[in-house]
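**Student:** The structure that follows is given in the form of structure tokens.
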Number of protein chains: 2
Amino acid sequence: MSRVAYVDGQYLPHRSAAVHIEDRGYQFADGVYEVLAVTGGRLVDEESHLIRLAKSLSELRIAAPMSNSALRIVMREAIRRNRVREGILYLQVTRGAARREHAFPKAAQPVLVVTSRHTRRTDPQIAERGIAVVTIPDIRWQRCDIKSIALLPNVLGKQLARDAGAFEAWQVDREGFVTEGTSTNAWIVAADRTVMTRRADTAILNGVTRLAVLEIIARDGYRFVERAFSVAEAKAASEAFLTSTTVDLLPVVRIDDAPVGTGMPGPLARKLREGYLAHVTEAA
Amino acid sequence: MSRVAYVDGQYLPHRSAAVHIEDRGYQFADGVYEVLAVTGGRLVDEESHLIRLAKSLSELRIAAPMSNSALRIVMREAIRRNRVREGILYLQVTRGAARREHAFPKAAQPVLVVTSRHTRRTDPQIAERGIAVVTIPDIRWQRCDIKSIALLPNVLGKQLARDAGAFEAWQVDREGFVTEGTSTNAWIVAADRTVMTRRADTAILNGVTRLAVLEIIARDGYRFVERAFSVAEAKAASEAFLTSTTVDLLPVVRIDDAPVGTGMPGPLARKLREGYLAHVTEAA
């Protein structure tokens with residue numbers, strides 16, 4: 001079966017799906033995106049993603065390419081046409097194509113691209129073993145709350161992690177506090193069992209999975225504080241984990257050269273992972 | 001005459017020139033670019049641009065899409081096919097198309113896009129009158145020495161300038177020093193006639209026009225110091241100006257609400273502009 005992509009009003013064969021070379025997404029990273037999980041053929045946390053998409057567009061003063069109800073139809077059609085049961089849906093909105101000039105063009109029409117494909121959920125053995133992260137300086141811009149496609153620093157950071165044999169890189173601000181991973185939010189569990197993650201300031205993306213895990217924490221009554229933690233606090237933590245739409249929740253068992261806690265996934269990370277997977281399953 | 005663009009090995013009608021939706025330039029801003037001036041049908045400072053392109057590619061570990069000699073041929077062909085005498089040549093190299101994942105793909109081939117078009121040189125009356133700049137916080141990433149296409153903060157900054165009725169926005173670092181404009185380098189002339197521009201550290205792009213003006217300053221023996229200047233120093237300066245490939249050298253006569261010096265273009269800016277335009281003409 002050949003894949004299909006939605007591009008600016010048309011469903012096209014994925015292989016030949018293209019955008020103009022003067023699309024501002026290509027020349028200026030002038031656009032935003034969302035990645036949604038698909039389970040049982042249904043979108044997980046669709047409403048939260050649409051709310052965040054609207055926020056990102058609004059921050060960049062890009063008009064919505066269509067109404068949310070029309071967008072919901074396109075997303076479902078992308079899933080249906082690609083026969084995705086378990087996988088992801090990717091959508092991207094750019095300011096559109098225009099003669100190259102930095103300032104906003106007067107006449108450009110926003111361009112929407114939507115793709116969907118089958119993916120396996122992260123191998124449960126990875127969650128069983130836990131993963132390693134390295135810490136790197138956060139060199140990104142100061143509006144990481146906007147889910148923009150200006151992801152070059154994230155790409156370079158992820159590659160640094162790969163080069164170091166790690167799953168993810170945790171980015172560290174000038175004050176020595178962890179902001180987030182290059183495509184995941186960062187969490188620790190302190191020795192007194194308090195779960196910690198950074199407040200959703202302009203230095204991090206407010207992950208939809210982050211929000212779902214916060215709800216589970218509130219519902220189940222875990223001790224919690226929303227504040228930045230330092231690298232030293234992370235290394236001294238009894239547990240650590242990370243979250244994102246594509247990896248769900250994964251225990252972190254090593255930070256740089258130091259094991260976290262026992263060097264094995266901790267009990268709270270396991271429980272929260274189970275809680276989150278149950279939340280995903282509810283969507284199906 | 002219809003325009004033609006070079007895209008990944010082919011010369012295509014500009015109107016239908018496109019790149020794949022999974023080109024990493026589109027999804028991750030994972031690429032670099034150059035803008036060269038064309039005068040008398042010839043490229044200005046071609047060698048400097050090629051050197052900088054190689055540096056940008058190297059920093060991102062993107063392979064050159066072709067040899068420099070082949071690239072020179074493509075650039076000339078783009079100029080010739082579009083019959084450009086006075087204008088610009090734009091080239092962009094991305095890491096290529098690959099299934100979306102942050103880390104570098106194993107198999108992607110770099111994609112080169114080259115366009116060229118006629119443009120008028122900046123209206124001499126603008127240089128006669130001088131232009132206004134506003135100052136804004138520099139919120140960009142910490143590797144602005146790489147000429148990457150992750151230009152979203154520059155876009156937003158330029159739009160802030162437009163909204164304020166200014167030509168450009170000068171970005172200011174956390175210490176209160178001007179880094180550069182959103183698409184131009186920033187210069188002042190202090191009361192003692194010393195020309196100043198920021199050292200080419202990782203906070204600014206080392207402009208090719210900047211380098212050419214530095215050579216003129218050295219050749220003609222103007223007093224000069226390469227160091228960062230504060231917004232207060234800029235407002236107290238006797239002259240100010242900015243440089244880039246697309247605007248050459250333009251006098252700055254207003255910074256935020258304050259006139260610079262007399263509020264008219266200063267004598268040094270005029271002389272350096274003349275010197276730079278002579279340098280451009282030499283290329284023809």
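Ligands are numbered from 1 in the order shown, residues from 1 within each chain, and chains are lettered A, B, ... in the order they appear in the structure tokens.
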From a DSSP pass on the backbone, collect the residues of region 3-189 of chain A flagged as strand (DSSP E or B) and hand them back as a PyMOL selection string.
**Tutor:** chain A and resi 4-7+10-13+18-20+23+31-39+42-43+87-94+97+111-118+131-137+148+168-172+177-181+185-189
**Student:** Give me, as JSON, numbers by chain, the contact residues of chain A against chain B at a cut-off of 9 Å, counting only C-alpha atoms.
**Tutor:** {"A": [5, 7, 14, 15, 16, 17, 18, 19, 20, 21, 22, 23, 24, 25, 26, 27, 28, 29, 30, 31, 33, 60, 92, 101, 102, 103, 104, 113, 138, 139, 140, 141, 142, 143, 148, 149, 150, 151, 152, 153, 154, 155, 156, 157, 158, 159, 160, 161, 162, 182, 183]}
**Student:** Keeping C-alpha atoms for every residue in the selection just given, could you write it to a file as an mmCIF file, in the first residue's frame?
**Tutor:**
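Contents of again31.cif, freshly written:
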```cif
data_model
loop_
_atom_site.group_PDB
_atom_site.id
_atom_site.type_symbol
_atom_site.label_atom_id
_atom_site.label_comp_id
_atom_site.auth_asym_id
_atom_site.auth_seq_id
_atom_site.Cartn_x
_atom_site.Cartn_y
_atom_site.Cartn_z
ATOM 1 C CA ALA A 5 0.024 12.856 2.387
ATOM 2 C CA VAL A 7 -0.569 18.919 1.213
ATOM 3 C CA HIS A 14 3.743 10.470 -0.189
ATOM 4 C CA ARG A 15 6.656 9.861 -2.526
ATOM 5 C CA SER A 16 5.836 12.926 -4.639
ATOM 6 C CA ALA A 17 4.356 15.124 -1.889
ATOM 7 C CA ALA A 18 6.169 18.446 -2.093
ATOM 8 C CA VAL A 19 6.037 22.095 -1.129
ATOM 9 C CA HIS A 20 7.311 25.117 -3.009
ATOM 10 C CA ILE A 21 10.966 26.062 -2.578
ATOM 11 C CA GLU A 22 9.827 29.494 -1.397
ATOM 12 C CA ASP A 23 7.527 28.108 1.259
ATOM 13 C CA ARG A 24 8.575 30.071 4.333
ATOM 14 C CA GLY A 25 8.834 26.838 6.255
ATOM 15 C CA TYR A 26 11.714 25.867 3.975
ATOM 16 C CA GLN A 27 13.497 29.217 3.867
ATOM 17 C CA PHE A 28 12.811 30.648 7.346
ATOM 18 C CA ALA A 29 11.542 27.851 9.634
ATOM 19 C CA ASP A 30 8.448 30.037 9.715
ATOM 20 C CA GLY A 31 5.935 27.465 10.872
ATOM 21 C CA TYR A 33 3.891 21.499 13.996
ATOM 22 C CA LEU A 60 3.622 33.662 15.329
ATOM 23 C CA GLN A 92 2.758 21.164 10.009
ATOM 24 C CA GLU A 101 11.914 38.548 2.574
ATOM 25 C CA HIS A 102 12.178 38.262 6.339
ATOM 26 C CA ALA A 103 9.113 40.304 7.332
ATOM 27 C CA PHE A 104 5.659 38.725 7.114
ATOM 28 C CA VAL A 113 0.778 19.363 5.547
ATOM 29 C CA ASP A 138 20.763 24.583 26.133
ATOM 30 C CA ILE A 139 21.704 26.788 23.186
ATOM 31 C CA ARG A 140 18.177 27.237 21.840
ATOM 32 C CA TRP A 141 16.200 30.430 21.407
ATOM 33 C CA GLN A 142 14.175 31.937 24.214
ATOM 34 C CA ARG A 143 10.700 30.953 22.997
ATOM 35 C CA SER A 148 8.063 25.834 15.915
ATOM 36 C CA ILE A 149 9.868 23.932 13.185
ATOM 37 C CA ALA A 150 13.081 25.874 13.959
ATOM 38 C CA LEU A 151 14.435 22.624 15.393
ATOM 39 C CA LEU A 152 18.065 22.763 14.309
ATOM 40 C CA PRO A 153 19.451 23.008 17.875
ATOM 41 C CA ASN A 154 17.261 20.072 18.886
ATOM 42 C CA VAL A 155 18.613 18.072 15.944
ATOM 43 C CA LEU A 156 22.200 18.844 16.956
ATOM 44 C CA GLY A 157 21.454 18.004 20.581
ATOM 45 C CA LYS A 158 19.821 14.684 19.707
ATOM 46 C CA GLN A 159 22.804 13.803 17.559
ATOM 47 C CA LEU A 160 25.165 14.609 20.475
ATOM 48 C CA ALA A 161 23.136 12.128 22.520
ATOM 49 C CA ARG A 162 23.405 9.479 19.797
ATOM 50 C CA THR A 182 15.566 17.707 22.666
ATOM 51 C CA SER A 183 12.164 16.107 21.980
#
```
**Student:** Give me, please, the distance in Å between CA of Ala164 (chain B) and CA of Val134 (chain B), quoted to one decimal.
**Tutor:**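 For CA of Ala164 (chain B) relative to CA of Val134 (chain B), the distance reads 7.6 Å.
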**Student:** Taking only C-alpha atoms into account, name the residue in B:Pro124, B:Gly266, B:Gly130, B:Gly207 that is nearest to Thr245 (chain B).
**Tutor:**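 Residue with the minimum atom-to-atom distance to Thr245 (chain B): B:Gly207.
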**Student:** Near Val247 (chain A), counting only C-alpha atoms, which residues have an atom at most 12 Å away, once you skip same-chain residues fewer than 6 positions from it, shown as a PyMOL selection string?
**Tutor:** chain A and resi 35-37+87-88+119-124+126-127+130-131+167-168+183-185+209-210+241+273+276-277+280
**Student:** So which one's closest to Ala191 (chain A), A:Gly96, A:Pro65, A:Gly165, A:Gly261? Using only C-alpha atoms, please.
**Tutor:** A:Gly261
**Student:** Residues within 9 Å of Arg83 (chain B), please, as a PyMOL selection string. Count only C-alpha atoms; anything in the same chain fewer than 4 positions from it doesn't count.
**Tutor:** chain B and resi 41+78-79+116-118
**Student:** Give me a file of those residues, with C-alpha atoms, as a PDB file, in the first residue's frame.
**Tutor:**
```pdb
ATOM      1  CA  GLY B  41      25.814  39.448 -14.449  1.00  0.00           C
ATOM      2  CA  ALA B  78      21.045  30.003 -12.614  1.00  0.00           C
ATOM      3  CA  ILE B  79      22.103  33.580 -13.368  1.00  0.00           C
ATOM      4  CA  SER B 116      18.445  33.972  -8.987  1.00  0.00           C
ATOM      5  CA  ARG B 117      16.378  37.018  -9.746  1.00  0.00           C
ATOM      6  CA  HIS B 118      16.601  40.601 -10.771  1.00  0.00           C
TER       7      HIS B 118
END
```
**Student:** Please return, as an mmCIF file with all heavy atoms, in the first residue's frame, all residues of region 163-276 of chain A that DSSP assigns to helix (DSSP H, G or I) on the basis of the backbone.
**Tutor:**
```
data_model
loop_
_atom_site.group_PDB
_atom_site.id
_atom_site.type_symbol
_atom_site.label_atom_id
_atom_site.label_comp_id
_atom_site.auth_asym_id
_atom_site.auth_seq_id
_atom_site.Cartn_x
_atom_site.Cartn_y
_atom_site.Cartn_z
ATOM 1 N N ASP A 163 25.693 10.251 19.523
ATOM 2 C CA ASP A 163 27.150 10.087 19.464
ATOM 3 C C ASP A 163 27.696 9.567 20.800
ATOM 4 O O ASP A 163 28.724 8.894 20.845
ATOM 5 C CB ASP A 163 27.838 11.411 19.117
ATOM 6 C CG ASP A 163 27.540 11.856 17.690
ATOM 7 O OD1 ASP A 163 27.070 11.022 16.878
ATOM 8 O OD2 ASP A 163 27.769 13.043 17.383
ATOM 9 N N VAL A 208 2.126 17.694 25.636
ATOM 10 C CA VAL A 208 0.783 17.152 25.867
ATOM 11 C C VAL A 208 0.878 15.913 26.757
ATOM 12 O O VAL A 208 0.036 15.694 27.636
ATOM 13 C CB VAL A 208 0.092 16.850 24.518
ATOM 14 C CG1 VAL A 208 -1.154 16.001 24.722
ATOM 15 C CG2 VAL A 208 -0.263 18.161 23.815
ATOM 16 N N THR A 209 1.932 15.118 26.578
ATOM 17 C CA THR A 209 2.141 13.964 27.458
ATOM 18 C C THR A 209 2.476 14.446 28.875
ATOM 19 O O THR A 209 2.005 13.868 29.866
ATOM 20 C CB THR A 209 3.263 13.076 26.895
ATOM 21 O OG1 THR A 209 2.942 12.732 25.549
ATOM 22 C CG2 THR A 209 3.434 11.811 27.720
ATOM 23 N N ARG A 210 3.279 15.518 28.948
ATOM 24 C CA ARG A 210 3.555 16.151 30.242
ATOM 25 C C ARG A 210 2.235 16.492 30.961
ATOM 26 O O ARG A 210 2.050 16.170 32.141
ATOM 27 C CB ARG A 210 4.378 17.423 30.004
ATOM 28 C CG ARG A 210 4.650 18.273 31.236
ATOM 29 C CD ARG A 210 5.387 19.573 30.847
ATOM 30 N NE ARG A 210 5.702 20.359 32.031
ATOM 31 C CZ ARG A 210 4.831 21.173 32.625
ATOM 32 N NH1 ARG A 210 3.613 21.309 32.153
ATOM 33 N NH2 ARG A 210 5.201 21.839 33.718
ATOM 34 N N LEU A 211 1.314 17.121 30.248
ATOM 35 C CA LEU A 211 0.042 17.517 30.859
ATOM 36 C C LEU A 211 -0.767 16.303 31.302
ATOM 37 O O LEU A 211 -1.379 16.314 32.378
ATOM 38 C CB LEU A 211 -0.776 18.357 29.861
ATOM 39 C CG LEU A 211 -0.228 19.755 29.590
ATOM 40 C CD1 LEU A 211 -0.979 20.412 28.429
ATOM 41 C CD2 LEU A 211 -0.303 20.624 30.847
ATOM 42 N N ALA A 212 -0.741 15.252 30.480
ATOM 43 C CA ALA A 212 -1.486 14.042 30.839
ATOM 44 C C ALA A 212 -0.887 13.392 32.090
ATOM 45 O O ALA A 212 -1.620 12.929 32.977
ATOM 46 C CB ALA A 212 -1.478 13.064 29.666
ATOM 47 N N VAL A 213 0.441 13.377 32.185
ATOM 48 C CA VAL A 213 1.089 12.783 33.364
ATOM 49 C C VAL A 213 0.835 13.654 34.597
ATOM 50 O O VAL A 213 0.626 13.130 35.699
ATOM 51 C CB VAL A 213 2.597 12.577 33.098
ATOM 52 C CG1 VAL A 213 3.330 12.169 34.374
ATOM 53 C CG2 VAL A 213 2.804 11.511 32.001
ATOM 54 N N LEU A 214 0.801 14.966 34.419
ATOM 55 C CA LEU A 214 0.475 15.846 35.551
ATOM 56 C C LEU A 214 -0.925 15.521 36.088
ATOM 57 O O LEU A 214 -1.143 15.522 37.303
ATOM 58 C CB LEU A 214 0.526 17.318 35.129
ATOM 59 C CG LEU A 214 1.917 17.929 34.929
ATOM 60 C CD1 LEU A 214 1.796 19.407 34.544
ATOM 61 C CD2 LEU A 214 2.764 17.776 36.194
ATOM 62 N N GLU A 215 -1.848 15.219 35.186
ATOM 63 C CA GLU A 215 -3.215 14.871 35.628
ATOM 64 C C GLU A 215 -3.239 13.567 36.408
ATOM 65 O O GLU A 215 -3.965 13.434 37.395
ATOM 66 C CB GLU A 215 -4.155 14.770 34.421
ATOM 67 C CG GLU A 215 -4.596 16.136 33.938
ATOM 68 C CD GLU A 215 -5.707 16.035 32.899
ATOM 69 O OE1 GLU A 215 -6.359 14.972 32.800
ATOM 70 O OE2 GLU A 215 -5.899 17.026 32.181
ATOM 71 N N ILE A 216 -2.439 12.619 35.940
ATOM 72 C CA ILE A 216 -2.364 11.330 36.653
ATOM 73 C C ILE A 216 -1.765 11.531 38.041
ATOM 74 O O ILE A 216 -2.244 10.971 39.032
ATOM 75 C CB ILE A 216 -1.536 10.321 35.824
ATOM 76 C CG1 ILE A 216 -2.305 9.977 34.541
ATOM 77 C CG2 ILE A 216 -1.223 9.069 36.635
ATOM 78 C CD1 ILE A 216 -1.444 9.335 33.464
ATOM 79 N N ILE A 217 -0.737 12.362 38.110
ATOM 80 C CA ILE A 217 -0.103 12.650 39.398
ATOM 81 C C ILE A 217 -1.105 13.277 40.366
ATOM 82 O O ILE A 217 -1.185 12.899 41.545
ATOM 83 C CB ILE A 217 1.117 13.586 39.181
ATOM 84 C CG1 ILE A 217 2.270 12.790 38.562
ATOM 85 C CG2 ILE A 217 1.551 14.244 40.494
ATOM 86 C CD1 ILE A 217 3.422 13.651 38.082
ATOM 87 N N ALA A 218 -1.899 14.223 39.851
ATOM 88 C CA ALA A 218 -2.903 14.893 40.694
ATOM 89 C C ALA A 218 -3.989 13.901 41.113
ATOM 90 O O ALA A 218 -4.368 13.828 42.283
ATOM 91 C CB ALA A 218 -3.501 16.077 39.940
ATOM 92 N N ARG A 219 -4.448 13.129 40.143
ATOM 93 C CA ARG A 219 -5.525 12.171 40.405
ATOM 94 C C ARG A 219 -5.115 11.126 41.446
ATOM 95 O O ARG A 219 -5.874 10.806 42.357
ATOM 96 C CB ARG A 219 -5.893 11.465 39.090
ATOM 97 C CG ARG A 219 -7.029 10.465 39.196
ATOM 98 C CD ARG A 219 -7.077 9.564 37.968
ATOM 99 N NE ARG A 219 -5.916 8.681 37.910
ATOM 100 C CZ ARG A 219 -5.513 8.021 36.817
ATOM 101 N NH1 ARG A 219 -6.174 8.171 35.673
ATOM 102 N NH2 ARG A 219 -4.446 7.234 36.864
ATOM 103 N N ASP A 220 -3.875 10.641 41.305
ATOM 104 C CA ASP A 220 -3.439 9.555 42.177
ATOM 105 C C ASP A 220 -2.756 10.054 43.446
ATOM 106 O O ASP A 220 -2.319 9.244 44.269
ATOM 107 C CB ASP A 220 -2.504 8.611 41.401
ATOM 108 C CG ASP A 220 -3.258 7.886 40.273
ATOM 109 O OD1 ASP A 220 -4.495 7.994 40.234
ATOM 110 O OD2 ASP A 220 -2.601 7.238 39.442
ATOM 111 N N VAL A 231 21.248 19.946 37.444
ATOM 112 C CA VAL A 231 21.870 18.677 37.043
ATOM 113 C C VAL A 231 22.276 17.897 38.285
ATOM 114 O O VAL A 231 22.099 16.671 38.355
ATOM 115 C CB VAL A 231 23.088 18.937 36.128
ATOM 116 C CG1 VAL A 231 23.829 17.637 35.828
ATOM 117 C CG2 VAL A 231 22.645 19.617 34.833
ATOM 118 N N ALA A 232 22.798 18.590 39.286
ATOM 119 C CA ALA A 232 23.205 17.915 40.530
ATOM 120 C C ALA A 232 21.999 17.254 41.200
ATOM 121 O O ALA A 232 22.081 16.106 41.654
ATOM 122 C CB ALA A 232 23.863 18.918 41.484
ATOM 123 N N GLU A 233 20.872 17.957 41.238
ATOM 124 C CA GLU A 233 19.658 17.358 41.815
ATOM 125 C C GLU A 233 19.221 16.124 41.028
ATOM 126 O O GLU A 233 18.777 15.131 41.597
ATOM 127 C CB GLU A 233 18.515 18.380 41.820
ATOM 128 C CG GLU A 233 18.644 19.444 42.903
ATOM 129 C CD GLU A 233 17.505 20.454 42.838
ATOM 130 O OE1 GLU A 233 17.348 21.114 41.778
ATOM 131 O OE2 GLU A 233 16.774 20.587 43.831
ATOM 132 N N ALA A 234 19.354 16.227 39.701
ATOM 133 C CA ALA A 234 18.946 15.095 38.862
ATOM 134 C C ALA A 234 19.828 13.883 39.148
ATOM 135 O O ALA A 234 19.345 12.748 39.232
ATOM 136 C CB ALA A 234 19.007 15.486 37.386
ATOM 137 N N LYS A 235 21.127 14.135 39.291
ATOM 138 C CA LYS A 235 22.052 13.013 39.521
ATOM 139 C C LYS A 235 21.873 12.412 40.907
ATOM 140 O O LYS A 235 22.193 11.251 41.132
ATOM 141 C CB LYS A 235 23.494 13.472 39.296
ATOM 142 C CG LYS A 235 23.778 13.718 37.804
ATOM 143 C CD LYS A 235 25.223 14.113 37.537
ATOM 144 C CE LYS A 235 25.418 14.253 36.013
ATOM 145 N NZ LYS A 235 26.754 14.778 35.654
ATOM 146 N N ALA A 236 21.365 13.223 41.836
ATOM 147 C CA ALA A 236 21.139 12.738 43.200
ATOM 148 C C ALA A 236 19.717 12.191 43.383
ATOM 149 O O ALA A 236 19.373 11.715 44.463
ATOM 150 C CB ALA A 236 21.396 13.868 44.198
ATOM 151 N N PRO A 267 10.113 2.634 41.004
ATOM 152 C CA PRO A 267 8.699 2.251 41.138
ATOM 153 C C PRO A 267 7.723 3.356 40.709
ATOM 154 O O PRO A 267 6.675 3.052 40.130
ATOM 155 C CB PRO A 267 8.553 1.939 42.634
ATOM 156 C CG PRO A 267 9.721 2.600 43.298
ATOM 157 C CD PRO A 267 10.818 2.619 42.291
ATOM 158 N N LEU A 268 8.065 4.594 40.973
ATOM 159 C CA LEU A 268 7.142 5.663 40.598
ATOM 160 C C LEU A 268 7.077 5.836 39.087
ATOM 161 O O LEU A 268 6.006 6.035 38.512
ATOM 162 C CB LEU A 268 7.578 6.969 41.268
ATOM 163 C CG LEU A 268 6.610 7.452 42.342
ATOM 164 C CD1 LEU A 268 7.234 8.551 43.193
ATOM 165 C CD2 LEU A 268 5.334 7.931 41.692
ATOM 166 N N ALA A 269 8.262 5.764 38.426
ATOM 167 C CA ALA A 269 8.273 5.857 36.965
ATOM 168 C C ALA A 269 7.438 4.734 36.362
ATOM 169 O O ALA A 269 6.672 4.951 35.415
ATOM 170 C CB ALA A 269 9.712 5.802 36.444
ATOM 171 N N ARG A 270 7.562 3.528 36.925
ATOM 172 C CA ARG A 270 6.755 2.395 36.430
ATOM 173 C C ARG A 270 5.268 2.668 36.578
ATOM 174 O O ARG A 270 4.480 2.441 35.651
ATOM 175 C CB ARG A 270 7.079 1.132 37.240
ATOM 176 C CG ARG A 270 8.355 0.436 36.853
ATOM 177 C CD ARG A 270 8.586 -0.732 37.836
ATOM 178 N NE ARG A 270 9.954 -1.224 37.738
ATOM 179 C CZ ARG A 270 10.360 -2.132 36.862
ATOM 180 N NH1 ARG A 270 9.509 -2.653 35.996
ATOM 181 N NH2 ARG A 270 11.623 -2.526 36.851
ATOM 182 N N LYS A 271 4.875 3.149 37.760
ATOM 183 C CA LYS A 271 3.447 3.389 37.993
ATOM 184 C C LYS A 271 2.911 4.472 37.069
ATOM 185 O O LYS A 271 1.812 4.355 36.535
ATOM 186 C CB LYS A 271 3.212 3.790 39.454
ATOM 187 C CG LYS A 271 3.172 2.586 40.370
ATOM 188 C CD LYS A 271 2.828 2.987 41.788
ATOM 189 C CE LYS A 271 2.959 1.773 42.705
ATOM 190 N NZ LYS A 271 3.345 2.149 44.077
ATOM 191 N N LEU A 272 3.684 5.536 36.910
ATOM 192 C CA LEU A 272 3.225 6.633 36.056
ATOM 193 C C LEU A 272 3.180 6.191 34.597
ATOM 194 O O LEU A 272 2.295 6.588 33.840
ATOM 195 C CB LEU A 272 4.121 7.857 36.234
ATOM 196 C CG LEU A 272 3.941 8.562 37.593
ATOM 197 C CD1 LEU A 272 5.017 9.639 37.789
ATOM 198 C CD2 LEU A 272 2.542 9.175 37.717
ATOM 199 N N ARG A 273 4.130 5.343 34.216
ATOM 200 C CA ARG A 273 4.097 4.806 32.855
ATOM 201 C C ARG A 273 2.839 3.963 32.634
ATOM 202 O O ARG A 273 2.145 4.117 31.638
ATOM 203 C CB ARG A 273 5.360 3.976 32.585
ATOM 204 C CG ARG A 273 5.386 3.321 31.210
ATOM 205 C CD ARG A 273 6.689 2.589 30.929
ATOM 206 N NE ARG A 273 6.511 1.636 29.847
ATOM 207 C CZ ARG A 273 6.548 1.962 28.550
ATOM 208 N NH1 ARG A 273 6.784 3.197 28.193
ATOM 209 N NH2 ARG A 273 6.342 1.046 27.621
ATOM 210 N N GLU A 274 2.556 3.122 33.601
ATOM 211 C CA GLU A 274 1.329 2.309 33.493
ATOM 212 C C GLU A 274 0.092 3.197 33.418
ATOM 213 O O GLU A 274 -0.810 2.955 32.611
ATOM 214 C CB GLU A 274 1.198 1.372 34.703
ATOM 215 C CG GLU A 274 2.098 0.157 34.628
ATOM 216 C CD GLU A 274 2.207 -0.552 35.990
ATOM 217 O OE1 GLU A 274 1.329 -0.340 36.861
ATOM 218 O OE2 GLU A 274 3.197 -1.300 36.178
ATOM 219 N N GLY A 275 0.077 4.211 34.259
ATOM 220 C CA GLY A 275 -1.060 5.137 34.255
ATOM 221 C C GLY A 275 -1.201 5.832 32.916
ATOM 222 O O GLY A 275 -2.311 5.985 32.384
ATOM 223 N N TYR A 276 -0.060 6.220 32.350
ATOM 224 C CA TYR A 276 -0.121 6.932 31.069
ATOM 225 C C TYR A 276 -0.565 5.987 29.947
ATOM 226 O O TYR A 276 -1.370 6.359 29.094
ATOM 227 C CB TYR A 276 1.216 7.603 30.726
ATOM 228 C CG TYR A 276 1.118 8.313 29.398
ATOM 229 C CD1 TYR A 276 0.357 9.466 29.273
ATOM 230 C CD2 TYR A 276 1.733 7.799 28.256
ATOM 231 C CE1 TYR A 276 0.200 10.103 28.053
ATOM 232 C CE2 TYR A 276 1.585 8.423 27.025
ATOM 233 C CZ TYR A 276 0.819 9.569 26.932
ATOM 234 O OH TYR A 276 0.661 10.193 25.716
#
```
**Student:** Could you name the residues that touch Asp192 (chain A) at 10 Å or less, counting only C-alpha atoms, but leaving out those on the same chain fewer than 2 positions away, as a list in words?
**Tutor:**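 Skipping anything fewer than 2 positions along the chain leaves Val189, Ala190, Thr194, Val195, Arg223, Ala237 and Ser238 of chain A.
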**Student:** One decimal, Å: what's the distance from CA of Arg227 (chain A) over to CA of Ile146 (chain A), could you say?
**Tutor:**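 Going from CA of Arg227 (chain A) over to CA of Ile146 (chain A) covers 19.5 Å.
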**Student:** So that I can see what lies close to Glu47 (chain A), please list as a PDB file with N, CA and C atoms, in the first residue's frame the residues with an atom at most 10 Å from it, counting only C-alpha atoms and leaving out residues fewer than 5 positions away in the same chain.
**Tutor:**
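So the final result, stored in out-v1.pdb, reads:
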```pdb
ATOM      1  N   ARG A  52      -2.854  23.587  21.649  1.00  0.00           N
ATOM      2  CA  ARG A  52      -1.459  24.047  21.561  1.00  0.00           C
ATOM      3  C   ARG A  52      -1.143  24.561  20.159  1.00  0.00           C
ATOM      4  N   LEU A  53      -1.662  23.884  19.140  1.00  0.00           N
ATOM      5  CA  LEU A  53      -1.450  24.367  17.770  1.00  0.00           C
ATOM      6  C   LEU A  53      -1.965  25.806  17.623  1.00  0.00           C
ATOM      7  N   ASN A  68     -10.975  24.232  13.057  1.00  0.00           N
ATOM      8  CA  ASN A  68     -10.630  22.998  13.764  1.00  0.00           C
ATOM      9  C   ASN A  68     -11.495  21.827  13.302  1.00  0.00           C
ATOM     10  N   ARG A  72      -9.955  18.465  11.858  1.00  0.00           N
ATOM     11  CA  ARG A  72     -10.233  17.136  12.416  1.00  0.00           C
ATOM     12  C   ARG A  72     -10.580  16.138  11.304  1.00  0.00           C
ATOM     13  N   VAL A 208       2.126  17.694  25.636  1.00  0.00           N
ATOM     14  CA  VAL A 208       0.783  17.152  25.867  1.00  0.00           C
ATOM     15  C   VAL A 208       0.878  15.913  26.757  1.00  0.00           C
TER      16      VAL A 208
END
```
**Student:** Measure the distance from CA of Pro13 (chain A) to CA of Glu77 (chain A) in Å and round it to one decimal.
**Tutor:**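 Between CA of Pro13 (chain A) and CA of Glu77 (chain A) the gap works out to 13.8 Å.
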**Student:** Pick the closest to Asp8 (chain A) from A:Ala97, A:Cys144, A:Leu242, A:Ile204: which is it, counting only C-alpha atoms?
**Tutor:**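 Of A:Ala97, A:Cys144, A:Leu242, A:Ile204, the one nearest Asp8 (chain A) is A:Ala97, counting only C-alpha atoms.
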**Student:** Considering only C-alpha atoms, can you say which of A:Val133, A:Ile73, A:Ala64, A:Leu205 comes closest to Leu43 (chain A)?
**Tutor:**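 Smallest separation from Leu43 (chain A) among the options: A:Ile73.
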